[in-house]
Amino acid sequence: MPLFNNYNREPKIILTGNEPPKKGAALYFDLFTRKFWNYIRLNFLYVLTSIVTFAFYWMFMAVFLLPMIFNLLPADAFEEIAKMNNSSVTEIQSSITLSLGAILSVLLIVFFGGGIFSAGYNYVLRNYARQENAFLFSDYLEHTKKNFWLAFFASLIDKIIVCISLFGIVFYFSLLKTKGGALYIAALILITLVFEIYAVMHAYTWTQIVTFKLNLKQIYKNAFLLSFAAGFRSIAYMAAMFGYTVLMFFLYIRFMPVAVIVTILIAISAFNLGGHLYSYPVIKKYMLDNNNNASDNEQQDNITEEGNEE
């Protein structure tokens with residue numbers, strides 16, 4: 001029996017030309033430029049349908065997380081900034097909450113998805129990443145509807161884990177700052193590690209939802225195992241998330257209007273295209289190829305090919 005849970009449909013790759021397939025950065029930029037306007041339309045559609053999730057994360061930041069972070073800062077930090085800007089402390093805190101909350105909310109949507117529409121979004125993006133055919137709008141809506149309940153519960157789990165993890169990181173950091181002690185260091189390291197592992201797992205979650213017929217337990221089990229099976233690729237993906245975070249913070253702090261436009265037009269899909277290119281070789285190796293080596297009866301019971309449209 002294969003280590004990973006079986007699926008019911010195998011994506012079909014369409015390659016053009018006789019040259020060997022591109023890999024890595026060359027493949028990414030080839031796919032990115034080839035369907036550039038489609039990525040813009042897909043990104044814009046995803047932003048529109050992720051408004052509720054964005055509002056949820058922003059409220060979490062504004063009401064719970066950022067006030068805790070502000071309490072960790074020196075008491076006169078906001079007073080100095082207020083004097084420099086001829087504003088009140090309340091105005092400065094509100095401004096920082098607005099901008100920082102927006103940046104963090106965007107990043108959470110990039111890394112963890114924007115709600116139930118993530119199913120349709122990742123189906124279209126998966127097809128583009130694998131050079132398969134897809135109708136942008138119809139497939140977006142069709143696969144959102146087809147995977148509604150899986151997407152609903154996966155999105156709910158995302159919000160619970162993300163909010164608890166971020167709250168726990170800030171909470172234990174505040175205890176470490178005020179009280180110190182090895183126990184709080186261990187708790188902070190543990191919850192941070194769990195959050196990072198879950199973030200890497202997420203690269204496999206939505207691909208499985210739109211590709212295989214699995215329940216959530218099987219999806220998260222596979223995602224956990226694949227994250228560790230990927231080895232160095234998982235470390236590289238974490239580095240990419242860190243680099244993307246730094247880049248987005250820089251853009252929002254220095255060029256806020258430009259950053260907002262870039263986010264609406266392309267920033268989310270630009271990162272997640274790379275996420276699909278990161279995750280697919282691992283899924284192919286441990287799930288697709290592994291099942292191809294299964295017995296004929298197992299394949300007959302578990303594999304049916306999915307057709308795609310142009």
# chains A, B, ... in the order shown; residues from 1 in each chain; ligands from 1
call {"tool": "closest_atom_pairs", "arguments": {"of": "range 39-75 of chain A", "to": "range 118-122 of chain A", "cutoff": "12 Å", "atoms": "only C-alpha atoms", "output": "JSON lines"}}
result
{"residue": "A:Tyr39", "atom": "CA", "partner": "A:Tyr121", "partner_atom": "CA", "distance": 10.6}
{"residue": "A:Arg41", "atom": "CA", "partner": "A:Tyr121", "partner_atom": "CA", "distance": 11.0}
{"residue": "A:Leu42", "atom": "CA", "partner": "A:Tyr121", "partner_atom": "CA", "distance": 7.3}
{"residue": "A:Asn43", "atom": "CA", "partner": "A:Tyr121", "partner_atom": "CA", "distance": 8.6}
{"residue": "A:Phe44", "atom": "CA", "partner": "A:Tyr121", "partner_atom": "CA", "distance": 10.8}
{"residue": "A:Leu45", "atom": "CA", "partner": "A:Tyr121", "partner_atom": "CA", "distance": 8.6}
{"residue": "A:Tyr46", "atom": "CA", "partner": "A:Tyr121", "partner_atom": "CA", "distance": 6.7}
{"residue": "A:Val47", "atom": "CA", "partner": "A:Tyr121", "partner_atom": "CA", "distance": 10.3}
{"residue": "A:Leu48", "atom": "CA", "partner": "A:Tyr121", "partner_atom": "CA", "distance": 11.7}
{"residue": "A:Thr49", "atom": "CA", "partner": "A:Ser118", "partner_atom": "CA", "distance": 9.0}
{"residue": "A:Ser50", "atom": "CA", "partner": "A:Ser118", "partner_atom": "CA", "distance": 8.5}
{"residue": "A:Thr53", "atom": "CA", "partner": "A:Ser118", "partner_atom": "CA", "distance": 10.8}
call {"tool": "write_last_selection", "arguments": {"atoms": "N, CA and C atoms", "output": "short mmCIF file (atom, residue, chain, number, x, y, z; two decimals), in the first residue's frame"}}
result
data_model
loop_
_atom_site.label_atom_id
_atom_site.label_comp_id
_atom_site.auth_asym_id
_atom_site.auth_seq_id
_atom_site.Cartn_x
_atom_site.Cartn_y
_atom_site.Cartn_z
N TYR A 39 -3.08 35.91 -15.21
CA TYR A 39 -2.74 36.00 -13.79
C TYR A 39 -3.29 37.29 -13.17
N ARG A 41 -6.03 38.91 -14.18
CA ARG A 41 -7.48 38.73 -14.03
C ARG A 41 -7.79 37.78 -12.87
N LEU A 42 -7.01 36.70 -12.76
CA LEU A 42 -7.22 35.75 -11.67
C LEU A 42 -6.93 36.39 -10.33
N ASN A 43 -5.86 37.15 -10.23
CA ASN A 43 -5.50 37.82 -8.99
C ASN A 43 -6.58 38.80 -8.56
N PHE A 44 -7.07 39.60 -9.52
CA PHE A 44 -8.10 40.59 -9.23
C PHE A 44 -9.39 39.90 -8.76
N LEU A 45 -9.76 38.82 -9.42
CA LEU A 45 -10.95 38.07 -9.03
C LEU A 45 -10.80 37.50 -7.62
N TYR A 46 -9.62 37.00 -7.31
CA TYR A 46 -9.38 36.42 -5.99
C TYR A 46 -9.41 37.49 -4.90
N VAL A 47 -8.87 38.66 -5.20
CA VAL A 47 -8.92 39.76 -4.23
C VAL A 47 -10.37 40.13 -3.93
N LEU A 48 -11.19 40.24 -4.97
CA LEU A 48 -12.60 40.60 -4.78
C LEU A 48 -13.33 39.58 -3.92
N THR A 49 -13.05 38.30 -4.16
CA THR A 49 -13.77 37.25 -3.43
C THR A 49 -13.13 36.92 -2.08
N SER A 50 -12.04 37.61 -1.73
CA SER A 50 -11.38 37.38 -0.44
C SER A 50 -11.60 38.55 0.53
N THR A 53 -12.54 37.48 4.14
CA THR A 53 -11.39 36.94 4.86
C THR A 53 -10.42 38.05 5.24
#
call {"tool": "residues_around", "arguments": {"residues": "range 233-240 of chain A", "least_positions_apart": "4", "cutoff": "12 Å", "atoms": "only C-alpha atoms", "output": "mmCIF file with C-alpha atoms, in the first residue's frame"}}
result
data_model
loop_
_atom_site.group_PDB
_atom_site.id
_atom_site.type_symbol
_atom_site.label_atom_id
_atom_site.label_comp_id
_atom_site.auth_asym_id
_atom_site.auth_seq_id
_atom_site.Cartn_x
_atom_site.Cartn_y
_atom_site.Cartn_z
ATOM 1 C CA GLY A 24 12.995 26.058 -11.579
ATOM 2 C CA PHE A 111 0.117 32.173 2.557
ATOM 3 C CA LEU A 193 7.737 25.909 14.828
ATOM 4 C CA PHE A 195 3.080 27.719 12.771
ATOM 5 C CA GLU A 196 5.958 27.430 10.281
ATOM 6 C CA ILE A 197 5.266 23.743 9.628
ATOM 7 C CA TYR A 198 1.586 24.494 9.042
ATOM 8 C CA ALA A 199 2.528 27.282 6.627
ATOM 9 C CA VAL A 200 4.663 24.859 4.594
ATOM 10 C CA MET A 201 1.906 22.227 4.725
ATOM 11 C CA HIS A 202 -0.477 24.722 3.220
ATOM 12 C CA ALA A 203 1.328 24.584 -0.115
ATOM 13 C CA TYR A 204 -0.054 21.051 -0.476
ATOM 14 C CA ALA A 223 0.427 17.618 3.616
ATOM 15 C CA PHE A 224 2.334 16.953 6.859
ATOM 16 C CA LEU A 225 4.224 13.982 5.397
ATOM 17 C CA LEU A 226 4.956 15.748 2.115
ATOM 18 C CA SER A 227 6.373 18.773 3.945
ATOM 19 C CA PHE A 228 9.018 16.604 5.573
ATOM 20 C CA ALA A 229 9.524 14.386 2.538
ATOM 21 C CA TYR A 244 8.230 37.771 0.143
ATOM 22 C CA THR A 245 7.224 39.096 3.571
ATOM 23 C CA VAL A 246 10.223 41.429 3.689
ATOM 24 C CA LEU A 247 9.514 42.650 0.146
ATOM 25 C CA ALA A 270 2.828 35.711 -8.420
ATOM 26 C CA PHE A 271 3.747 34.066 -5.129
ATOM 27 C CA ASN A 272 1.250 31.207 -5.296
ATOM 28 C CA GLY A 274 5.725 29.556 -7.291
ATOM 29 C CA GLY A 275 3.990 27.643 -4.500
ATOM 30 C CA HIS A 276 2.368 25.298 -7.011
ATOM 31 C CA LEU A 277 5.664 24.796 -8.822
ATOM 32 C CA TYR A 278 7.269 24.007 -5.461
ATOM 33 C CA SER A 279 4.628 21.503 -4.383
ATOM 34 C CA TYR A 280 3.817 19.662 -7.604
ATOM 35 C CA PRO A 281 7.102 17.732 -8.052
ATOM 36 C CA VAL A 282 6.734 16.436 -4.495
#
call {"tool": "closest_atom_pairs", "arguments": {"of": "range 38-89 of chain A", "to": "range 101-107 of chain A", "cutoff": "10 Å", "atoms": "only C-alpha atoms", "output": "JSON lines"}}
result
{"residue": "A:Val47", "atom": "CA", "partner": "A:Val106", "partner_atom": "CA", "distance": 9.5}
{"residue": "A:Ser50", "atom": "CA", "partner": "A:Val106", "partner_atom": "CA", "distance": 9.9}
{"residue": "A:Thr53", "atom": "CA", "partner": "A:Ser105", "partner_atom": "CA", "distance": 8.5}
{"residue": "A:Phe54", "atom": "CA", "partner": "A:Ser105", "partner_atom": "CA", "distance": 5.8}
{"residue": "A:Ala55", "atom": "CA", "partner": "A:Ser105", "partner_atom": "CA", "distance": 8.1}
{"residue": "A:Phe56", "atom": "CA", "partner": "A:Ser105", "partner_atom": "CA", "distance": 8.5}
{"residue": "A:Tyr57", "atom": "CA", "partner": "A:Ser105", "partner_atom": "CA", "distance": 5.4}
{"residue": "A:Trp58", "atom": "CA", "partner": "A:Gly101", "partner_atom": "CA", "distance": 5.4}
{"residue": "A:Met59", "atom": "CA", "partner": "A:Gly101", "partner_atom": "CA", "distance": 8.2}
{"residue": "A:Phe60", "atom": "CA", "partner": "A:Gly101", "partner_atom": "CA", "distance": 8.7}
{"residue": "A:Met61", "atom": "CA", "partner": "A:Gly101", "partner_atom": "CA", "distance": 5.6}
{"residue": "A:Ala62", "atom": "CA", "partner": "A:Gly101", "partner_atom": "CA", "distance": 6.5}
{"residue": "A:Leu65", "atom": "CA", "partner": "A:Gly101", "partner_atom": "CA", "distance": 9.2}
{"residue": "A:Leu66", "atom": "CA", "partner": "A:Gly101", "partner_atom": "CA", "distance": 7.8}
call {"tool": "select_by_dssp", "arguments": {"residues": "range 58-262 of chain A", "states": "alpha helix (DSSP H)", "output": "PyMOL selection string"}}
result
chain A and resi 58-60+66-72+77-84+89-112+118-129+136-146+148-178+182-211+216-229+232-254+256-262
call {"tool": "residues_around", "arguments": {"residues": "Phe153 in chain A", "least_positions_apart": "6", "cutoff": "10 Å", "atoms": "only C-alpha atoms", "output": "list of chain:residue names"}}
result
A:Gly115, A:Ile116, A:Lys159, A:Leu216
call {"tool": "residues_around", "arguments": {"residues": "Asn215 in chain A", "least_positions_apart": "5", "cutoff": "10 Å", "atoms": "only C-alpha atoms", "output": "list of chain:residue names"}}
result
A:Asn5, A:Leu150, A:Gln208, A:Ile209, A:Tyr220
call {"tool": "write_last_selection", "arguments": {"atoms": "N, CA and C atoms", "output": "PDB file, in the first residue's frame"}}
result
ATOM      1  N   ASN A   5      -2.385   8.759   0.934  1.00  0.00           N
ATOM      2  CA  ASN A   5      -3.732   8.373   0.564  1.00  0.00           C
ATOM      3  C   ASN A   5      -3.966   8.514  -0.931  1.00  0.00           C
ATOM      4  N   LEU A 150     -15.519  21.197   1.676  1.00  0.00           N
ATOM      5  CA  LEU A 150     -14.111  20.987   2.013  1.00  0.00           C
ATOM      6  C   LEU A 150     -13.404  22.325   2.181  1.00  0.00           C
ATOM      7  N   GLN A 208      -4.361  19.406  -3.156  1.00  0.00           N
ATOM      8  CA  GLN A 208      -5.036  18.134  -2.928  1.00  0.00           C
ATOM      9  C   GLN A 208      -6.556  18.288  -2.991  1.00  0.00           C
ATOM     10  N   ILE A 209      -7.071  19.383  -2.453  1.00  0.00           N
ATOM     11  CA  ILE A 209      -8.525  19.591  -2.440  1.00  0.00           C
ATOM     12  C   ILE A 209      -9.089  19.616  -3.850  1.00  0.00           C
ATOM     13  N   TYR A 220      -4.652  16.621   5.364  1.00  0.00           N
ATOM     14  CA  TYR A 220      -3.671  17.183   6.290  1.00  0.00           C
ATOM     15  C   TYR A 220      -2.576  16.168   6.629  1.00  0.00           C
TER      16      TYR A 220
END
call {"tool": "closest_residue", "arguments": {"among": "A:Leu100, A:Ile219, A:Val162, A:Ala25", "to": "Phe249 in chain A", "atoms": "only C-alpha atoms"}}
result
A:Leu100
call {"tool": "atom_distance", "arguments": {"atom1": "CA of Lys284 in chain A", "atom2": "CA of Ala26 in chain A"}}
result
19.6 Å
call {"tool": "residues_around", "arguments": {"residues": "Ser99 in chain A", "least_positions_apart": "4", "cutoff": "9 Å", "atoms": "only C-alpha atoms", "output": "list in words"}}
result
Ser94, Ser95, Ile103, Leu104, Tyr252, Ile253 and Met256 of chain A
call {"tool": "closest_residue", "arguments": {"among": "A:Ala259, A:Ile40, A:Ile164, A:Leu273", "to": "Arg126 in chain A", "atoms": "only C-alpha atoms"}}
result
A:Leu273
